[in-house]
Structures are given as structure tokens and as C-alpha cells.
Amino acid sequence: MKIHQHKRAYTQREGFSIDYGREVENEIVKLQEEISRHAHIESQYPSRWLAIKLLEGDSDIKIRLKVLEGGTDILSAAEKSIAHLEEVYGDDVDVVIADHRYGWINGLVRETVKRTNPDRLTSSDKVDRIVTHRLLGIPIFLLAMWIVFKLTADVSAPFLDWVDGVIGGPITNWIVAILGVLGLGGSWVESLFVDGIVAGVGGVLVFVPVMMFLYLALALLEDSGYMARAAFVMDRLMHALGLHGKSFLPMLVGFGCTVPALYATRTLENEKDRILTGLLVPFMSCGARLPVYVLFAAIFFPENESGVVFGLYLLGILTAIVLGIILKNTLFKGKEQSTFVMELPPYRLPTLRGIWFHMWERTSAFVRKAWTIIMATSILLWVLMAIPVNGSGSFAEIDVSNSAFATANEAIAPVLAPLGFNSWEASSALVTGFVAKEVVVSTMAQVYAVKEADAEADADATTFFEDVGEIITSFVGATGDTIKSIPLIVGVNLFEGEEENEPTALMQAVRDGFEESSGGHGALASMAFMVFVLIYTPCMVAIAAERQELGAKWMWVSIIGQFGLAWLMAFVVFQGGVLLGLG
Amino acid sequence: MLKQLLVEIKNSHGTILLNDLSRKLDIDSSSLEGMLTYLAQKGHLRDDDAELASASIECFSGSCGDSCSGMAACPFIAKMPKTYVIPVQSKD
């Protein structure tokens, strides 16, 4: 693009004016004549400028004129001119004036800017031709998502193991030691800390590396400008399926958190579209569901963790699309499809600072949530698990399966029997998961942690400095393993021949529990469990947002519908899998 | 010019990219951005960014634990492309 220096009087003060068309110019002249009758006003403001400002309805100028002598005469003349012009043009006068201005600007650009590429395609446009291509767009989007989950599930694994080791080992040991010094060793206080807070909060914090890698991948996609293209590609798909294309914008937000995604449905004009999108948004897998997928995929599908996680995210999108088509053709029937202009940002090379900022902001929000909602739930859960029923023991000194919490959840478990997980442990995780999805994992860690704590009790005692040394050396090892994990994205396994990591006591307990409750079909039951977690109510805050945005009626439709659909889909996965002999 | 732009948006079915619109109308994309912003200010179009910002307070009061900083600063909101839509009342 080359800008020529023009010698014309475009920017000269004198002699330069935009022609606003015959009608407007006539009214400007009339107003200038009126202004010229008041010399004190004309001396303050250039008459043409003032006339145009008045025709535009500039409120500041109107206020200033009102207090000047003769100002009201000018204002009433302006009102007459505006009324006349609105009748002529059938539009606001300021829009007519702006229209001429933009016309003049465009003419100026055409005359002064010489384009070296006549088809006006920038580098971003050329990349977009492939990335947003009608046929290639969707496969490229799926490939990007697959890489995200490969990075999230496979590459983060060494750090996940490291955090798990630190929380389950040194940190637990230090807490036990401190409580011992305080004379609380072996008491219910120790149980509250170890089996309640450490197991619950720690069980979720273990997944911080997973979340960090997810947020790293998302930040790369966002900052490079690809995320906006993904929205455009999916928008086109939604349109093709008869859904509102813009529905995908809140849905993309839903991959981070369902709550802002529900508020983002406000960008949809039509109420039907807004409610329909609000009902579909919760099927997008929010970040809080990821720990559940990663835990179960690691236990039951260690060979293909990322594939399972990717499949679940995809299943959420497909469920939303299929359900959307059904609802659009039944309850939300309507032909109206709004048109909109989308402005795609240019592609950029993400900066380290920007990536870190995004990653840190999101991960710290996840960690803060662990210290608030998850800690409160963990403590409440521990109390409920410490209360004996049927005279089976005293407070905090009972087998957890005889607790009030276990007894209450045992009553729910039969409903889940056809889905392959009719244990009180599984039903309790789903019940508490109603509060927030991170709590599913923390509950699992708590209800199975009793066995893990027993196993750890036999571990050799270590000194503080030995623990610190172990933390540092295992961190270095995890960093090395993470680097070695990167080629896994493209299918190259540098760990071949190395000894597989032993499953933790929690993983083994979950596996045993699901194998037992499903009659030996643990993998299928776990898949059904993950599908249930994907489909049912995301969290309490999302329900509050639904009530606010969609109203109480649709909130209940959403809650009941999600539970019904979650049960049905989990049933199909488990029973269908058993029938087909898949696991 | 503004009218021509509005007519073009109304007549196009589905989503239209700003760059495509720029080529179609032979208007520089930066001029077009200014025109869209102006039309949004005048209520002929709706700027969705502004609509999302209005949801900020509600999201804040939604109390996503201590982590909630309102929708305008919600770390979980991905950067979405800017969109302008024709409001329902001005379609006819």
C-alpha cells in the first residue's frame, strides 16, 4: 500500500468543506443566515460548523446556545430544519450527515491509497482461506482440539504425578507431624485434616498441572487469533443445521466456565434463540469437568487418555447440536435467522507474557476455588462421613460405610444400578458434584482416601530435609519427563520400554469399586460415569445464572432435562457396551 | 454509504465477515469499522461487546467463589470475535 502526497486542499483550513447534498446544504445556509443575525454568537462559533452541529443534534452545543441571547431563535430554526430534513430523507439528520462524511472519507481513501495487491488479500486473509474453508474448517478445528487434549492429558501427566506425590507424601506427613507435636495425633482433628481437607482439596489440587496445560493450549489458540476463526467455522455449521449461528459464541465461552457462557447468551436478540442456547450451553465441558475425565481416563484407559477426553468434549458438542436441532424443530420452532457482521482479529504470534498471564489468571482462579467452595464441601463431607448411624460407633471413629453420608447415598445408588455404578461412593460423588464439578474428584478422594491413608501409614518415616530433597529431585524428574512427553502429541513414545507407573491407592480403589458395581465391566461403567458427569447439571452457580437469564420455568426444565438425558445416555453407553461385548 | 452498508448486512444471509464486506462494498476495512461503530451508537446495529459488558454485574453477583471478578474480567471468558447484529426492531 502506498500513500501519495496530494497537493489538493483536503486539509487546508480555508476552502475545505464537505458537500452534504442539496437539501442539507440549503438548511445549513438558512441556519447560517439565522446565526449571522446574532453577531455575538457568530463571533464565538464559525457559522457553518455551528449549523452542522445543530443539525446533528449536538446536546452540548444546544445547552451552550440556550443561555446566550438569541440562542433560542437559532435553536427553533434548527428544529424546523431537522424536521424538514427528516421528512425528506426518512432518517435521522445526523445519520445523513455522517453518511456524507463517510462517503467523502471513502472517496479520499480511493484517491490517495494505492494498493499493491489488487485483490486486497492480506496474509491473514490467505491463511483464513484455508482455516475457515467450508470443507477444511471443521477438520482443522477438530485437529486443534485433539492437540489441545493430547497436550492436556499426556504432556501434563508427569507434573500431575509429581503434585500427587508431594500432597500425598511430604505435605500429609508434615501435617501429621505438626498435629502430633500439638498432641492431636490420632485424634479426629488429624482425621479432619488428612481425610477431609488434604484428601478433598488435595485431590483437586493434584489436577492443577492438567488445568495449566489446558489453559496454556487455549491461550495459544486465543492469542494467535485462531479461537475467533473456530467460532466462525462452528457458527457456519450451526447455521447449516438450522440453528442460530451465534449460539456457538456462548458455547465456546462454556468450555471455560458455564456461568459466563449463560450470561453471554444475551448477545442473542431473539428470546427463543436465547433460551435454546441457554439450555444447550451446559453441555459444553467446562474446565471443572476435566479432572473427572482425566482421573477416570487414567484409571480405565491409560493407553488412550487424550482420546477419551477429546471424545467427551466432542460428545458434549454433538449432544448440544443434536438436541438443538430437535428443540429448534419442536419447542423453539421459528424461521428467523439473524444476520451479523463478524470482525476477525489478525493472526498474531502469541507473546510469552500474554500466554503466562492467561494461564496464571485461570489457574489461580481454579486454585482459589479449591480453597473456598471445595474446602467447605470437603469439611462438610468429612463431618457427614464421621457421623455414625444405627449405633455403629462414635463420631469420627467409624467405618465410613456406616456413616450418615454413606447411608443416605446408598438409598440413591439403586437408581444408578442400570448405569453400572450403583455404589454409595459413586452416587455420593454425583450428589456433591451438583455443588461444583471439581467436587466430584474431591469426594472420590475422600470416600476412598480412608484406604489410601491406611496404606500410607506403613510408609517409612522421613525427615523434613529428606522430604524437601525428594520434592526437588522429583520435580526435576517430572520436568524431564514432561519434555520427553512432548513427542507424544505426534504419536512418538519415548517412554517405551520403561516401567509403567503403579496406580495410586485411590486409582486402584476407584477401579475396584467400579469393577465390583458393574459386574466386571468397570471400563464401561467408568465411561457411563463420565458421560453422566458431562451431561448433568454443571454446578449450583450455573443454576442461579439459568434462573436469572432464562427464568424459573426453564431452569427447572434444564435441571430435570439434564438429569434425564444424563441417565439415558449413561444407560445407553453401559448397557449398549455390555450388549456389544465392548468391555 | 451507511444506508448501503445496512442494506448489504440485512440482505446477506448468515454471518458476514468484515473483510468480505469491505471487499464487496469496496470500502477500506478501517473505515468500515468506524461506520459499524457509528451505526451501533445510533442503534441501527447492536455491538455485542457492550451487551456482554452489561452482564458483568450479574456474573459478579453470581458469586463463583472468591474467584469471581465479574464478567468483564472473568478469566474463563475466551476472546471472542467482535460482532455487530441488526436489532430485531430495525429489521423491517
# chains A, B, ... in the order shown; residues from 1 in each chain; ligands from 1
call {"tool": "interface_residues", "arguments": {"of": "chain A", "to": "chain B", "cutoff": "8 Å", "atoms": "only C-alpha atoms", "output": "MDAnalysis selection string"}}
result
chainID A and resid 95 98:100 102:103 105:106 109 120 222 227:228 231 235:236 239 245 249 252:253 256:257 259:261 263:264 266:267 269:270 337:345 358 361:362 365:366 368:369 372:373 541 544:545
call {"tool": "write_last_selection", "arguments": {"atoms": "N, CA and C atoms", "output": "compact mmCIF listing (two decimals), in the first residue's frame"}}
result
# COMPACT_ATOMS: atom_id res chain seq x y z
N VAL A 95 -27.45 10.97 10.89
CA VAL A 95 -27.04 9.79 10.11
C VAL A 95 -26.79 10.22 8.66
N ALA A 98 -23.49 12.02 8.67
CA ALA A 98 -22.40 11.04 8.83
C ALA A 98 -22.21 10.26 7.54
N ASP A 99 -23.32 9.95 6.88
CA ASP A 99 -23.27 9.20 5.63
C ASP A 99 -22.42 9.94 4.59
N HIS A 100 -22.65 11.24 4.48
CA HIS A 100 -21.86 12.04 3.53
C HIS A 100 -20.39 12.10 3.95
N TYR A 102 -18.69 9.82 5.64
CA TYR A 102 -18.04 8.54 5.32
C TYR A 102 -17.85 8.40 3.81
N GLY A 103 -18.78 8.92 3.04
CA GLY A 103 -18.65 8.89 1.59
C GLY A 103 -17.43 9.69 1.15
N ILE A 105 -14.81 10.38 3.06
CA ILE A 105 -13.60 9.68 3.53
C ILE A 105 -13.25 8.54 2.57
N ASN A 106 -14.27 7.80 2.17
CA ASN A 106 -14.03 6.67 1.28
C ASN A 106 -13.48 7.15 -0.06
N VAL A 109 -9.87 8.03 0.44
CA VAL A 109 -9.02 6.82 0.52
C VAL A 109 -8.79 6.26 -0.88
N ARG A 120 -6.72 -7.28 -2.60
CA ARG A 120 -6.78 -6.81 -1.21
C ARG A 120 -6.70 -7.96 -0.20
N GLU A 222 -6.17 -18.65 21.53
CA GLU A 222 -6.81 -17.33 21.62
C GLU A 222 -5.89 -16.23 21.11
N MET A 227 -8.95 -18.89 17.83
CA MET A 227 -10.23 -19.13 18.52
C MET A 227 -11.38 -18.40 17.83
N ALA A 228 -11.11 -17.18 17.36
CA ALA A 228 -12.14 -16.41 16.65
C ALA A 228 -12.53 -17.13 15.37
N ALA A 231 -14.78 -19.98 16.14
CA ALA A 231 -16.16 -19.52 16.36
C ALA A 231 -16.86 -19.33 15.03
N ASP A 235 -19.93 -21.45 13.78
CA ASP A 235 -21.10 -20.62 13.51
C ASP A 235 -21.74 -21.01 12.17
N ARG A 236 -20.89 -21.24 11.19
CA ARG A 236 -21.39 -21.62 9.86
C ARG A 236 -22.05 -22.99 9.91
N HIS A 239 -25.44 -22.66 11.49
CA HIS A 239 -26.37 -22.08 10.52
C HIS A 239 -26.87 -23.16 9.56
N GLY A 245 -26.52 -19.31 14.34
CA GLY A 245 -25.07 -19.40 14.26
C GLY A 245 -24.37 -18.82 15.47
N LEU A 249 -20.98 -18.80 20.01
CA LEU A 249 -20.13 -17.88 20.78
C LEU A 249 -20.25 -18.17 22.27
N LEU A 252 -18.61 -21.55 23.06
CA LEU A 252 -17.14 -21.53 23.18
C LEU A 252 -16.73 -21.01 24.55
N VAL A 253 -17.46 -20.01 25.03
CA VAL A 253 -17.18 -19.49 26.39
C VAL A 253 -17.41 -20.61 27.40
N GLY A 256 -14.74 -22.78 29.02
CA GLY A 256 -14.03 -22.29 30.20
C GLY A 256 -14.89 -22.45 31.43
N CYS A 257 -16.09 -21.84 31.39
CA CYS A 257 -16.99 -21.88 32.55
C CYS A 257 -18.43 -21.68 32.05
N VAL A 259 -21.01 -20.55 33.68
CA VAL A 259 -21.71 -19.38 34.23
C VAL A 259 -21.60 -18.15 33.29
N PRO A 260 -20.38 -17.70 32.93
CA PRO A 260 -20.33 -16.57 31.99
C PRO A 260 -20.93 -16.93 30.63
N ALA A 261 -20.86 -18.20 30.28
CA ALA A 261 -21.44 -18.63 28.99
C ALA A 261 -22.95 -18.39 28.99
N TYR A 263 -24.52 -16.10 30.71
CA TYR A 263 -24.73 -14.65 30.58
C TYR A 263 -24.43 -14.18 29.15
N ALA A 264 -23.51 -14.89 28.49
CA ALA A 264 -23.16 -14.49 27.12
C ALA A 264 -24.30 -14.76 26.14
N ARG A 266 -26.91 -13.42 26.19
CA ARG A 266 -27.55 -12.12 25.99
C ARG A 266 -27.24 -11.53 24.62
N THR A 267 -26.18 -12.00 24.01
CA THR A 267 -25.83 -11.46 22.70
C THR A 267 -26.82 -11.92 21.64
N GLU A 269 -30.39 -11.91 20.09
CA GLU A 269 -31.51 -10.97 20.10
C GLU A 269 -32.84 -11.64 20.42
N ASN A 270 -33.09 -12.73 19.71
CA ASN A 270 -34.38 -13.38 19.80
C ASN A 270 -34.50 -14.21 21.08
N GLN A 337 -33.66 -15.98 11.30
CA GLN A 337 -32.21 -16.18 11.44
C GLN A 337 -31.58 -14.80 11.34
N SER A 338 -30.95 -14.36 12.40
CA SER A 338 -30.40 -13.01 12.34
C SER A 338 -29.07 -13.00 11.58
N THR A 339 -28.83 -11.86 10.95
CA THR A 339 -27.60 -11.68 10.21
C THR A 339 -26.67 -10.83 11.04
N PHE A 340 -25.42 -11.12 11.00
CA PHE A 340 -24.49 -10.25 11.74
C PHE A 340 -23.13 -10.19 11.09
N VAL A 341 -22.42 -9.14 11.44
CA VAL A 341 -21.08 -8.91 10.91
C VAL A 341 -20.07 -9.36 11.97
N MET A 342 -19.11 -10.15 11.56
CA MET A 342 -18.09 -10.62 12.49
C MET A 342 -16.73 -10.06 12.08
N GLU A 343 -16.05 -9.52 13.07
CA GLU A 343 -14.74 -8.93 12.78
C GLU A 343 -13.66 -9.86 13.34
N LEU A 344 -12.93 -10.52 12.45
CA LEU A 344 -11.89 -11.44 12.91
C LEU A 344 -10.59 -10.67 13.16
N PRO A 345 -9.96 -10.91 14.30
CA PRO A 345 -8.69 -10.21 14.55
C PRO A 345 -7.60 -10.79 13.64
N HIS A 358 -2.68 -15.28 30.82
CA HIS A 358 -3.92 -16.05 30.68
C HIS A 358 -3.89 -17.31 31.54
N GLU A 361 -3.94 -16.42 35.33
CA GLU A 361 -5.27 -15.92 35.76
C GLU A 361 -6.25 -17.07 35.95
N ARG A 362 -6.29 -17.95 34.97
CA ARG A 362 -7.27 -19.04 35.01
C ARG A 362 -6.89 -20.10 36.03
N ALA A 365 -7.56 -18.84 39.50
CA ALA A 365 -9.00 -18.85 39.80
C ALA A 365 -9.42 -20.26 40.20
N PHE A 366 -8.87 -21.26 39.51
CA PHE A 366 -9.16 -22.66 39.82
C PHE A 366 -8.66 -23.00 41.23
N ARG A 368 -8.06 -20.86 43.71
CA ARG A 368 -8.84 -20.12 44.71
C ARG A 368 -10.16 -20.84 45.01
N LYS A 369 -10.73 -21.41 43.95
CA LYS A 369 -12.00 -22.13 44.12
C LYS A 369 -11.77 -23.36 45.02
N THR A 372 -11.91 -22.38 48.58
CA THR A 372 -13.18 -21.85 49.09
C THR A 372 -14.27 -22.92 49.03
N ILE A 373 -14.87 -23.07 47.88
CA ILE A 373 -16.00 -24.00 47.74
C ILE A 373 -15.59 -25.43 48.05
N VAL A 541 -23.97 -22.56 40.88
CA VAL A 541 -23.91 -21.18 40.39
C VAL A 541 -24.51 -21.10 38.98
N ALA A 544 -28.19 -20.85 39.31
CA ALA A 544 -28.60 -19.48 39.66
C ALA A 544 -28.58 -18.59 38.41
N ALA A 545 -27.56 -18.78 37.58
CA ALA A 545 -27.45 -17.99 36.34
C ALA A 545 -28.59 -18.35 35.39
call {"tool": "closest_residue", "arguments": {"among": "A:Val206, A:Val201, A:Val510, A:Met211", "to": "Trp371 of chain A", "atoms": "only C-alpha atoms"}}
result
A:Val201
call {"tool": "select_by_dssp", "arguments": {"residues": "segment 1-201 of chain A", "states": "strand (DSSP E or B)", "output": "PDB file with N, CA and C atoms, in the first residue's frame"}}
result
ATOM      1  N   LYS A   2       0.600   2.122  -0.877  1.00  0.00           N
ATOM      2  CA  LYS A   2       1.464   3.306  -0.976  1.00  0.00           C
ATOM      3  C   LYS A   2       0.599   4.566  -0.905  1.00  0.00           C
ATOM      4  N   ILE A   3       0.971   5.489  -0.050  1.00  0.00           N
ATOM      5  CA  ILE A   3       0.164   6.714   0.074  1.00  0.00           C
ATOM      6  C   ILE A   3       0.821   7.839  -0.712  1.00  0.00           C
ATOM      7  N   VAL A 113      -4.912   6.245  -1.707  1.00  0.00           N
ATOM      8  CA  VAL A 113      -4.236   4.990  -1.336  1.00  0.00           C
ATOM      9  C   VAL A 113      -4.112   4.092  -2.553  1.00  0.00           C
ATOM     10  N   LYS A 114      -2.880   3.720  -2.850  1.00  0.00           N
ATOM     11  CA  LYS A 114      -2.662   2.821  -3.982  1.00  0.00           C
ATOM     12  C   LYS A 114      -2.339   1.440  -3.418  1.00  0.00           C
TER      13      LYS A 114
END
call {"tool": "atom_distance", "arguments": {"atom1": "atom CA of Tyr45 of chain A", "atom2": "atom CA of Leu108 of chain A"}}
result
27.2 Å
